[in-house]
Structure formats: C-alpha cells, structure tokens
Amino acid sequence: MTDSTGRTAIFPGTFDPATKGHLDVIERGARLFQSLIVAVGDNPEKESLFSQAERAEMISELVAGYPNVRVETYRGLTVTFAREAGADVILRGLRNAADLQFELEMAHTNRAATGIETVFVVTSPQYAFLSSSLIRQIAAGGGDVSALVPESVARRMRDK
Ligand code: ADP
C-alpha cells in the first residue's frame, strides 16, 4: 500500500479572500501529505475582489510557518497544473450538500480524464457556513469580518 504521507497534493481555489475555513483545510492537508501546494487559480468567469497576485501573497503570509506548504498561481486547467507540479492528488474542502454535488462532478471528470484522485476533508463545524463570497458581502456592507478571516486578511479588506 502506498503511504499518503509520501504524496504531493494541490489545494486549488480562488481564495478571494482566504478565510479561516481555507486555513483549516490547509492545516489538515499539511498533516496528511508530505507536500502541499496551495494553487491560486485565475478564473476568468469569476470577477475577483483581489488580484491573483494579491490573493497568493495573502496566503503566502499565512502559510509561512508550514515547511511543507507552498503557494503557486496558475492559469487554465487545474489538472494540467497538478501534473506540471508533480502532484497526484487534488485536495478540496466540503461544507454541505451543494459543495458535494458540484465537487463530485469535478472529481469524476478529473479522474476519468487524467487519473488524478480528489481527496476531501469535511469542514470543521465552526466554518461550515463560511465562504469567501459571504466575507465579500459583509465587508461591502461595512460589516466586521475579523472573526471569520485571519487578521492580515481583515486588514487588507479594510484597505480595499
Ligand atoms: P473555488 O472557486 O475553487 O470553489 P474557493 O476559494 O471558493 O475556490 O474554495 C476553495 C476550496 O476551499 C473548495 O474546495 C471549497 O470547498 C473549500 N472551502 C471554502 N470555504 C471552506 C470552509 N469554510 N470550510 C472548508 N472548506 C472550504
């Protein structure tokens, strides 16, 4: 049997912005895999609040203390990036049935097309209702997001 701790995984996402829910997945992924790449995507269909470079920079600050985690940006297909990065696993977080519905389709398609496996971690309960879009809505309405995102992210939200 192959040991999952010998593997490299990517954790792809938009991270606009990174939340405590994302960080929770990263922390747990860092324990599960030998090497974890947080892959900050550039989805032309999603208009983002922060640029791809800003999103990557924010996460880089947050994961600086994890020796086996690094952050990279990519364009195009996630599976192509995974292959180029030498990763054989895609790590994703699951919050609810809506996530599951969407993620199953992606995981099936990616595996059928390239053989790559997707591994899911279920959200920690305190973050089950947390999403980047919710954070953007609260911030746009002038609300306080400091309980839901790391302090460095809250500061950047206030600056925007
Ligand atoms: P994407 O556009 O790829 O969905 P996101 O930044 O919204 O990018 O999410 C990236 C990953 O993080 C997804 O797998 C998502 O399910 C997971 N995720 C987001 N928020 C949470 C949370 N609160 N708890 C657990 N996983 C989460």
# chains A, B, ... in the order shown; residues from 1 in each chain; ligands from 1
call {"tool": "residues_around", "arguments": {"residues": "Ser60 in chain A", "least_positions_apart": "6", "cutoff": "12 Å", "atoms": "only C-alpha atoms", "output": "PyMOL selection string"}}
result
chain A and resi 15+18+23+26+37-40+53-54+66-67+69-73+152-153
call {"tool": "select_by_dssp", "arguments": {"residues": "chain A", "states": "helix (DSSP H, G or I)", "output": "PyMOL selection string"}}
result
chain A and resi 4-6+20-32+52-62+78-84+97-114+125-127+132-140+151-159
call {"tool": "residues_near_ligand", "arguments": {"ligand": "ligand 1", "cutoff": "9 Å", "atoms": "only C-alpha atoms and all ligand atoms", "output": "ChimeraX atom specification"}}
result
/A:11-25,40-41,43,46,91-96,99-100,103,120-133
call {"tool": "residues_around", "arguments": {"residues": "Ile90 in chain A", "least_positions_apart": "4", "cutoff": "6 Å", "atoms": "only C-alpha atoms", "output": "ChimeraX atom specification"}}
result
/A:9-10,118
call {"tool": "closest_residue", "arguments": {"among": "A:Glu84, A:Ile59, A:Ile135, A:Gly115", "to": "Ala147 in chain A", "atoms": "only C-alpha atoms"}}
result
A:Ile135
call {"tool": "closest_residue", "arguments": {"among": "A:Met58, A:Arg83, A:Met157, A:Leu32", "to": "Gly142 in chain A", "atoms": "only C-alpha atoms"}}
result
A:Met157
call {"tool": "select_by_dssp", "arguments": {"residues": "range 13-136 of chain A", "states": "strand (DSSP E)", "output": "number ranges by chain"}}
result
A: 13, 35-40, 69-73, 89-94, 117-122
call {"tool": "decode", "arguments": {"residues": "range 65-94 of chain A", "atoms": "C-alpha atoms", "output": "CSV table (one decimal), in the first residue's frame"}}
result
chain,number,residue,atom,x,y,z
A,65,GLY,CA,5.1,28.7,9.2
A,66,TYR,CA,4.4,25.5,7.4
A,67,PRO,CA,7.6,24.0,6.0
A,68,ASN,CA,5.8,21.6,3.6
A,69,VAL,CA,3.3,24.1,2.2
A,70,ARG,CA,3.9,26.5,-0.6
A,71,VAL,CA,1.7,28.8,-2.7
A,72,GLU,CA,1.7,29.0,-6.5
A,73,THR,CA,-0.5,30.7,-9.0
A,74,TYR,CA,-1.9,29.1,-12.2
A,75,ARG,CA,-4.0,29.7,-15.2
A,76,GLY,CA,-6.0,27.2,-17.1
A,77,LEU,CA,-7.0,23.7,-16.1
A,78,THR,CA,-6.4,22.6,-12.5
A,79,VAL,CA,-5.4,19.0,-13.7
A,80,THR,CA,-2.8,20.4,-16.0
A,81,PHE,CA,-1.3,22.4,-13.2
A,82,ALA,CA,-1.4,19.4,-10.9
A,83,ARG,CA,0.5,17.3,-13.5
A,84,GLU,CA,3.1,20.1,-14.0
A,85,ALA,CA,3.6,20.4,-10.3
A,86,GLY,CA,4.1,16.7,-9.9
A,87,ALA,CA,1.0,16.3,-7.7
A,88,ASP,CA,-1.1,13.2,-7.8
A,89,VAL,CA,-3.9,14.3,-5.5
A,90,ILE,CA,-6.3,17.3,-5.5
A,91,LEU,CA,-7.4,18.3,-2.0
A,92,ARG,CA,-10.8,20.0,-1.6
A,93,GLY,CA,-13.0,21.0,1.3
A,94,LEU,CA,-16.6,20.0,1.7
